[in-house]
Amino acid sequence: MLIEVGHFALALALALSLVQAVMPVWAARSGDAALRAVATPAALGTFACILFSFGALTYAHATSDFSVQNVIENSHTAKPFLYKLSGVWGNHEGSMLLWVLILALFGALVAVSRNSVPPVLRANTLAVQGLITFVFVLFIITTSNPFMRVSPAPVEGNDLNPLLQDFGLAIHPPLLYVGYVGFSITFAFAIAALIDGRIDAVWARAVRPWTLIAWSFLTLGIAMGSYWAYYELGWGGWWFWDPVENASLMPWLAGTALLHSTVVMEKRDALKVWTVLLAILTFSLSLLGTFIVRSGVLTSVHSFATDPTRGVFILAILILFIGGSLSLFAWRAPMLRQGGLFAPISREGALVMNNLFLAAACATVFVGTLYPLLLESLTSEKISVGPPFFNYTFIPLAIPLLLIVPFGQTLAWKRGDVHAASQRLFAAMGVALAVGLAVLAWTWGGPMMAPIGIGLGAYLVVGSAMEIVSRARGYGNSRARTVSGVMRRALGLPRSAWGTALAHAGVGIVVLGIAAQGWATEALSTVKPGESLASGPYVATLDRVGPRTGENYEETTAFLTIRNTAGDFIGTVETGKRFYPSRKMNVTESGLLTVGVSQVYASLGEMVPGGAIGLRLYYKPLVLLIWLGSVVMALGGAVSLTDRRMRVGAPARAKEKAKTMPGTMAPAE
């Protein structure tokens with residue numbers, strides 16, 4: 001009975017989301033404020049219904065209710081309870097239900113954000129969000145029903161894909177979806193403002209916190225997915241330029257540009273066209289990622305759907321939202337009033353350059369990802385666009401972009417001074433040069449680009465720290481220039497300044513981790529118990545190979561002892577191959593030994609007659625910095641969100657100024 005009620009709640013959410021979408025538009029035409037106010041309870045009701053529906057499906061998975069088709073295909077009584085829960089979103093139907101739940105959650109949050117969003121803008125935003133929710137709920141009900149019953153119910157289920165039975169995949173999709181779907185709110189704000197014909201710094205202030213939330217979660221989601229692929233798939237790499245990886249990278253790049261544009265628009269009332277267009281494109285790229293994963297145009301461990309009916313429906317959604325929003329933008333863009341003027345050498349100018357490089361980098365990923373798929377659909381010819389293409393197109397754009405980051409921070413708004421900015425960055429440049437040369441001398445004869453990357457990472461980290469120091473030293477009297485005075489001033493800086501510095505430092509930490517992979521080593525051999533295999537500064541000795549049984553799998557495990565080249569004991573590693581009887585599927589379980597922020601990585605190959613095994617051993621120097629840096633970046637976003645200016649509405653003087661300038665595209669109360 002609970003399943004039927006959950007299905008009914010989803011249908012009720014469809015109706016409520018339609019009310020949420022229609023009433024503000026009707027109110028705008030009739031001038032009835034009461035109709036406009038209906039959007040708030042409709043958004044809350046939509047969220048409550050979808051939450052109940054999601055809870056009903058979760059209960060079915062938790063209790064192994066095999067009368068539900070979705071549970072049969074993705075669960076098993078012997079499966080660990082955590083993976084019974086993650087099985088809810090480890091499939092197409094359940095993950096789409098999670099998608100619309102997060103979509104409705106953001107709508108509900110905007111509905112209750114009375115102090116930070118003007119009433120008319122909030123109502124129009126809820127209308128757009130309601131339309132998005134309506135279309136996706138309709139998609140679920142018509143093509144992807146997670147509540148379909150089976151009679152008679154089987155005794156046992158088919159189990160979840162073993163590759164998805166991992167803690168990383170239990171938390172990766174929710175993080176990623178909050179990022180993906182979070183950008184729907186910035187999209188809704190942009191469309192609402194274009195419909196209303198009013199955009200200014202007040203709008204930018206309302207949009208920026210939502211952009212920060214989505215960007216931070218998308219950063220964590222991408223990092224978690226990368227780490228899962230690194231240790232679970234057994235190939236030893238952290239990024240493969242897979243189309244599904246690229247599908248999440250593209251909105252992240254566009255979202256990063258959007259985040260910087262909202263800063264300029266809020267501070268200087270400039271870059272309006274950039275900001276609105278980026279808000280549209282970022283969510284459009286999120287929708288494109290959904291199409292890539294769920295349309296059946298490619299097959300991977302990440303993809304769920306192969307039903308062409310679903311692909312056609314999602315393609316229609318793309319045309320509706322992307323085509324409709326870009327058409328609206330083309331109609332309204334000429335009406336956008338020129339904002340604050342600034343010199344090319346200024347913080348605004350640096351942020352424009354930042355956006356240009358980010359947009360170009362996103363375009364290279366877009367072309368490399370979509371061109372093979374488009375060519376195959378038109379000519380049936382299959383081509384492969386792999387890492388070489390992306391390395392030769394993306395990296396040359398990324399390097400100057402990273403060089404601009406600390407430099408842009410030191411420039412003044414409106415008109416900057418290159419000489420003064422260079423002086424403030426002298427320490428960062430000196431440290432970067434010294435570190436790069438020292439690493440080059442120490443590793444002479446090795447990869448040439450790796451020391452450059454190490455120097456660039458150091459430049460970003462030190463440059464971010466120097467921005468805080470410079471701001472702390474730049475105010476007050478001479479006492480503020482003492483160490484204690486600088487520390488007091490630094491602690492008193494706005495949290496958004498600390499958040500920015502943390503995010504940029506996180507980028508530098510990621511660059512350090514990526515650059516260090518130039519010295520990664522790999523060894524592959526067949527070994528017997530007692531024999532060893534060396535990779536880099538470490539030697540792995542195979543102690544024994546033995547069986548092990550889990551809740552729903554059987555495993556052959558290799559037990560290794562790791563020593564350094566001097567013979568000192570470092571630790572032990574276990575790597576194995578698991579067989580899942582319910583799925584008749586083998587999965588390799590990698591073994592990791594963390595040494596500081598570096599790792600020794602072992603992967604078991606095939607068993608060889610005579611008691612030997614195939615063993616692959618990697619040494620990954622500083623590899624954990626890639627994901628720790630991503631966490632620091634997301635932490636920077638979280639710190640910025642705690643800034644009081646992110647939680648309050650625009651100052652009254654800004655609103656009054658907007659009211660006295662008709663046609664300025666400013667939000668109306």
# chains A, B, ... in the order shown; residues from 1 in each chain; ligands from 1
call {"tool": "residues_around", "arguments": {"residues": "range 233-237 of chain A", "least_positions_apart": "2", "cutoff": "9 Å", "atoms": "only C-alpha atoms", "output": "PyMOL selection string"}}
result
chain A and resi 163+226+228-231+239-240+587-590+601-604+618+620
call {"tool": "write_last_selection", "arguments": {"atoms": "N, CA and C atoms", "output": "mmCIF file, in the first residue's frame"}}
result
data_model
loop_
_atom_site.group_PDB
_atom_site.id
_atom_site.type_symbol
_atom_site.label_atom_id
_atom_site.label_comp_id
_atom_site.auth_asym_id
_atom_site.auth_seq_id
_atom_site.Cartn_x
_atom_site.Cartn_y
_atom_site.Cartn_z
ATOM 1 N N LEU A 163 30.045 -2.859 -9.100
ATOM 2 C CA LEU A 163 30.894 -1.665 -9.149
ATOM 3 C C LEU A 163 30.293 -0.505 -8.365
ATOM 4 N N SER A 226 35.887 11.008 -9.039
ATOM 5 C CA SER A 226 37.254 10.765 -9.504
ATOM 6 C C SER A 226 37.979 9.792 -8.585
ATOM 7 N N TRP A 228 36.617 7.574 -6.572
ATOM 8 C CA TRP A 228 36.005 6.248 -6.708
ATOM 9 C C TRP A 228 36.568 5.523 -7.929
ATOM 10 N N ALA A 229 36.621 6.212 -9.074
ATOM 11 C CA ALA A 229 37.142 5.582 -10.290
ATOM 12 C C ALA A 229 38.605 5.200 -10.106
ATOM 13 N N TYR A 230 39.342 6.007 -9.350
ATOM 14 C CA TYR A 230 40.771 5.756 -9.124
ATOM 15 C C TYR A 230 40.990 4.454 -8.373
ATOM 16 N N TYR A 231 40.248 4.240 -7.291
ATOM 17 C CA TYR A 231 40.537 3.050 -6.489
ATOM 18 C C TYR A 231 39.648 1.856 -6.814
ATOM 19 N N TRP A 239 41.854 10.576 -13.708
ATOM 20 C CA TRP A 239 40.981 11.242 -14.678
ATOM 21 C C TRP A 239 41.279 10.656 -16.053
ATOM 22 N N PHE A 240 40.204 10.299 -16.793
ATOM 23 C CA PHE A 240 40.391 9.611 -18.075
ATOM 24 C C PHE A 240 39.800 10.386 -19.243
ATOM 25 N N VAL A 587 34.850 -8.441 -9.925
ATOM 26 C CA VAL A 587 35.265 -7.060 -9.702
ATOM 27 C C VAL A 587 36.617 -7.064 -9.001
ATOM 28 N N THR A 588 37.542 -6.235 -9.495
ATOM 29 C CA THR A 588 38.852 -6.102 -8.862
ATOM 30 C C THR A 588 38.784 -5.082 -7.730
ATOM 31 N N GLU A 589 39.314 -5.464 -6.570
ATOM 32 C CA GLU A 589 39.395 -4.553 -5.428
ATOM 33 C C GLU A 589 40.852 -4.150 -5.236
ATOM 34 N N SER A 590 41.137 -2.885 -5.484
ATOM 35 C CA SER A 590 42.510 -2.407 -5.365
ATOM 36 C C SER A 590 42.910 -2.283 -3.905
ATOM 37 N N TYR A 601 49.838 1.673 -4.594
ATOM 38 C CA TYR A 601 48.575 1.181 -5.146
ATOM 39 C C TYR A 601 48.834 -0.186 -5.779
ATOM 40 N N ALA A 602 48.142 -1.213 -5.312
ATOM 41 C CA ALA A 602 48.304 -2.564 -5.835
ATOM 42 C C ALA A 602 46.995 -3.052 -6.435
ATOM 43 N N SER A 603 47.085 -3.736 -7.564
ATOM 44 C CA SER A 603 45.905 -4.271 -8.230
ATOM 45 C C SER A 603 46.184 -5.701 -8.668
ATOM 46 N N LEU A 604 45.312 -6.608 -8.257
ATOM 47 C CA LEU A 604 45.488 -8.037 -8.546
ATOM 48 C C LEU A 604 45.019 -8.344 -9.961
ATOM 49 N N TYR A 618 51.691 0.399 -8.390
ATOM 50 C CA TYR A 618 51.911 1.802 -8.721
ATOM 51 C C TYR A 618 52.482 2.534 -7.514
ATOM 52 N N LYS A 620 52.246 6.511 -6.423
ATOM 53 C CA LYS A 620 51.559 7.746 -6.772
ATOM 54 C C LYS A 620 51.981 8.872 -5.818
#
call {"tool": "residues_around", "arguments": {"residues": "Thr275 in chain A", "least_positions_apart": "2", "cutoff": "8 Å", "atoms": "only C-alpha atoms", "output": "list in words"}}
result
Leu258, Ser261, Thr262, Met265, Leu271, Lys272, Val273, Leu277, Leu278 and Ala279 of chain A
call {"tool": "closest_atom_pairs", "arguments": {"of": "range 204-316 of chain A", "to": "range 627-640 of chain A", "cutoff": "9 Å", "atoms": "only C-alpha atoms", "output": "JSON lines"}}
result
{"residue": "A:Pro209", "atom": "CA", "partner": "A:Ser640", "partner_atom": "CA", "distance": 8.6}
{"residue": "A:Leu212", "atom": "CA", "partner": "A:Gly637", "partner_atom": "CA", "distance": 5.8}
{"residue": "A:Ile213", "atom": "CA", "partner": "A:Gly637", "partner_atom": "CA", "distance": 7.2}
{"residue": "A:Trp215", "atom": "CA", "partner": "A:Gly637", "partner_atom": "CA", "distance": 7.7}
{"residue": "A:Ser216", "atom": "CA", "partner": "A:Ala634", "partner_atom": "CA", "distance": 4.5}
{"residue": "A:Phe217", "atom": "CA", "partner": "A:Ala634", "partner_atom": "CA", "distance": 7.1}
{"residue": "A:Leu218", "atom": "CA", "partner": "A:Ala634", "partner_atom": "CA", "distance": 8.7}
{"residue": "A:Thr219", "atom": "CA", "partner": "A:Ala634", "partner_atom": "CA", "distance": 6.2}
{"residue": "A:Leu220", "atom": "CA", "partner": "A:Val631", "partner_atom": "CA", "distance": 6.5}
{"residue": "A:Ile222", "atom": "CA", "partner": "A:Ser630", "partner_atom": "CA", "distance": 8.8}
{"residue": "A:Ala223", "atom": "CA", "partner": "A:Trp627", "partner_atom": "CA", "distance": 5.8}
{"residue": "A:Met224", "atom": "CA", "partner": "A:Trp627", "partner_atom": "CA", "distance": 7.8}
{"residue": "A:Ser226", "atom": "CA", "partner": "A:Trp627", "partner_atom": "CA", "distance": 8.3}
{"residue": "A:Tyr227", "atom": "CA", "partner": "A:Trp627", "partner_atom": "CA", "distance": 7.3}
call {"tool": "atom_distance", "arguments": {"atom1": "CA of Thr58 in chain A", "atom2": "CA of Leu82 in chain A"}}
result
11.4 Å
call {"tool": "residues_around", "arguments": {"residues": "Trp210 in chain A", "least_positions_apart": "2", "cutoff": "8 Å", "atoms": "only C-alpha atoms", "output": "PyMOL selection string"}}
result
chain A and resi 182-183+185-186+206-208+212-214
call {"tool": "write_last_selection", "arguments": {"atoms": "N, CA and C atoms", "output": "compact mmCIF listing (two decimals), in the first residue's frame"}}
result
# COMPACT_ATOMS: atom_id res chain seq x y z
N GLY A 182 21.42 22.24 -8.40
CA GLY A 182 21.54 23.55 -7.78
C GLY A 182 21.62 24.67 -8.79
N PHE A 183 22.24 24.39 -9.94
CA PHE A 183 22.33 25.42 -10.97
C PHE A 183 20.98 25.69 -11.63
N ILE A 185 18.47 26.66 -10.00
CA ILE A 185 17.99 27.86 -9.34
C ILE A 185 18.59 29.11 -9.97
N THR A 186 19.89 29.08 -10.28
CA THR A 186 20.49 30.24 -10.95
C THR A 186 19.86 30.44 -12.33
N ALA A 206 21.17 38.17 -4.91
CA ALA A 206 20.22 37.09 -4.64
C ALA A 206 20.71 35.77 -5.24
N VAL A 207 21.38 35.84 -6.38
CA VAL A 207 21.80 34.63 -7.10
C VAL A 207 23.08 34.02 -6.54
N ARG A 208 23.98 34.86 -6.06
CA ARG A 208 25.32 34.39 -5.73
C ARG A 208 25.35 33.27 -4.68
N LEU A 212 27.06 29.56 -5.25
CA LEU A 212 28.11 29.01 -4.37
C LEU A 212 27.75 27.62 -3.88
N ILE A 213 26.51 27.42 -3.48
CA ILE A 213 26.08 26.11 -2.99
C ILE A 213 26.24 25.06 -4.08
N ALA A 214 25.71 25.37 -5.27
CA ALA A 214 25.78 24.40 -6.37
C ALA A 214 27.23 24.12 -6.75
call {"tool": "closest_residue", "arguments": {"among": "A:Val202, A:Cys362, A:Phe167, A:Arg471", "to": "Leu249 in chain A", "atoms": "only C-alpha atoms"}}
result
A:Cys362
call {"tool": "closest_residue", "arguments": {"among": "A:Ser470, A:Ser113, A:Ser325, A:Gln517", "to": "Phe187 in chain A", "atoms": "only C-alpha atoms"}}
result
A:Ser325
call {"tool": "closest_residue", "arguments": {"among": "A:Gly518, A:Pro451, A:Pro162, A:Pro344", "to": "Gly416 in chain A", "atoms": "only C-alpha atoms"}}
result
A:Pro344
call {"tool": "residues_around", "arguments": {"residues": "Pro251 in chain A", "least_positions_apart": "6", "cutoff": "7 Å", "atoms": "only C-alpha atoms", "output": "NGL selection string"}}
result
:A and (282-283 or 285-286)
call {"tool": "select_by_dssp", "arguments": {"residues": "range 441-666 of chain A", "states": "alpha helix (DSSP H)", "output": "number ranges by chain"}}
result
A: 441-442, 449-473, 483-491, 495-516, 624-641, 652-659
call {"tool": "write_last_selection", "arguments": {"atoms": "C-alpha atoms", "output": "tab-separated table (two decimals), in the first residue's frame"}}
result
chain	number	residue	atom	x	y	z
A	441	ALA	CA	67.43	20.19	-10.12
A	442	TRP	CA	66.40	17.37	-7.78
A	449	MET	CA	56.50	19.89	-17.23
A	450	ALA	CA	56.15	18.44	-13.73
A	451	PRO	CA	58.51	20.96	-12.03
A	452	ILE	CA	56.69	23.77	-13.86
A	453	GLY	CA	53.41	22.45	-12.48
A	454	ILE	CA	54.87	22.28	-8.96
A	455	GLY	CA	56.01	25.89	-9.26
A	456	LEU	CA	52.60	26.94	-10.56
A	457	GLY	CA	50.85	25.18	-7.67
A	458	ALA	CA	53.16	26.90	-5.17
A	459	TYR	CA	52.45	30.25	-6.86
A	460	LEU	CA	48.71	29.75	-6.43
A	461	VAL	CA	48.92	28.68	-2.79
A	462	VAL	CA	51.35	31.42	-1.72
A	463	GLY	CA	49.55	34.01	-3.86
A	464	SER	CA	46.27	33.22	-2.09
A	465	ALA	CA	47.95	33.60	1.29
A	466	MET	CA	49.58	36.88	0.22
A	467	GLU	CA	46.17	38.28	-0.75
A	468	ILE	CA	45.00	37.88	2.85
A	469	VAL	CA	48.25	39.35	4.16
A	470	SER	CA	48.14	42.29	1.75
A	471	ARG	CA	44.56	43.13	2.67
A	472	ALA	CA	45.36	42.86	6.35
A	473	ARG	CA	48.41	45.14	6.01
A	483	VAL	CA	52.65	40.68	13.00
A	484	SER	CA	50.01	40.80	15.73
A	485	GLY	CA	48.26	43.70	14.01
A	486	VAL	CA	48.21	41.89	10.67
A	487	MET	CA	46.78	38.78	12.33
A	488	ARG	CA	44.03	40.80	14.02
A	489	ARG	CA	43.20	42.53	10.75
A	490	ALA	CA	43.24	39.23	8.88
A	491	LEU	CA	40.81	37.65	11.32
A	495	ARG	CA	34.56	35.67	5.44
A	496	SER	CA	34.04	35.88	1.71
A	497	ALA	CA	37.68	37.06	1.43
A	498	TRP	CA	38.84	34.02	3.37
A	499	GLY	CA	36.59	31.80	1.30
A	500	THR	CA	38.04	33.14	-1.93
A	501	ALA	CA	41.59	32.65	-0.68
A	502	LEU	CA	40.80	29.07	0.42
A	503	ALA	CA	39.19	28.20	-2.92
A	504	HIS	CA	42.12	29.56	-4.91
A	505	ALA	CA	44.60	27.84	-2.60
A	506	GLY	CA	42.65	24.62	-3.13
A	507	VAL	CA	43.18	24.98	-6.87
A	508	GLY	CA	46.91	25.30	-6.20
A	509	ILE	CA	46.89	22.16	-4.05
A	510	VAL	CA	45.12	20.26	-6.84
A	511	VAL	CA	47.74	21.50	-9.33
A	512	LEU	CA	50.53	20.26	-7.02
A	513	GLY	CA	48.93	16.80	-6.89
A	514	ILE	CA	48.41	16.64	-10.66
A	515	ALA	CA	51.95	17.82	-11.43
A	516	ALA	CA	53.46	15.24	-9.10
A	624	LEU	CA	45.95	12.69	-2.36
A	625	LEU	CA	46.54	16.41	-2.89
A	626	ILE	CA	44.25	16.18	-5.93
A	627	TRP	CA	41.24	15.34	-3.77
A	628	LEU	CA	42.31	17.21	-0.65
A	629	GLY	CA	42.64	20.34	-2.78
A	630	SER	CA	39.12	19.79	-4.09
A	631	VAL	CA	37.85	19.59	-0.51
A	632	VAL	CA	39.67	22.85	0.29
A	633	MET	CA	38.03	24.47	-2.74
A	634	ALA	CA	34.58	23.38	-1.58
A	635	LEU	CA	35.43	24.52	1.96
A	636	GLY	CA	36.23	27.93	0.52
A	637	GLY	CA	32.74	28.06	-0.95
A	638	ALA	CA	31.24	27.05	2.39
A	639	VAL	CA	33.22	29.75	4.25
A	640	SER	CA	32.04	32.37	1.77
A	641	LEU	CA	28.45	31.29	2.39
A	652	ALA	CA	17.92	49.80	1.02
A	653	ARG	CA	19.97	52.45	-0.76
A	654	ALA	CA	20.60	50.08	-3.66
A	655	LYS	CA	16.88	49.42	-3.97
A	656	GLU	CA	16.04	53.10	-3.83
A	657	LYS	CA	18.65	53.83	-6.49
A	658	ALA	CA	17.15	51.15	-8.70
A	659	LYS	CA	13.66	52.63	-8.30
call {"tool": "residues_around", "arguments": {"residues": "Ile3 in chain A", "least_positions_apart": "4", "cutoff": "10 Å", "atoms": "only C-alpha atoms", "output": "list in words"}}
result
His7, Phe8, Ala9, Ser53, Gly55, Ala56, Leu57, Tyr59, Ala60, Asp65, Ser67, Val68, Pro146, Phe147, Met148 and Arg149 of chain A
call {"tool": "closest_residue", "arguments": {"among": "A:Tyr392, A:Trp331, A:Phe134, A:Tyr83", "to": "Ala15 in chain A", "atoms": "only C-alpha atoms"}}
result
A:Phe134
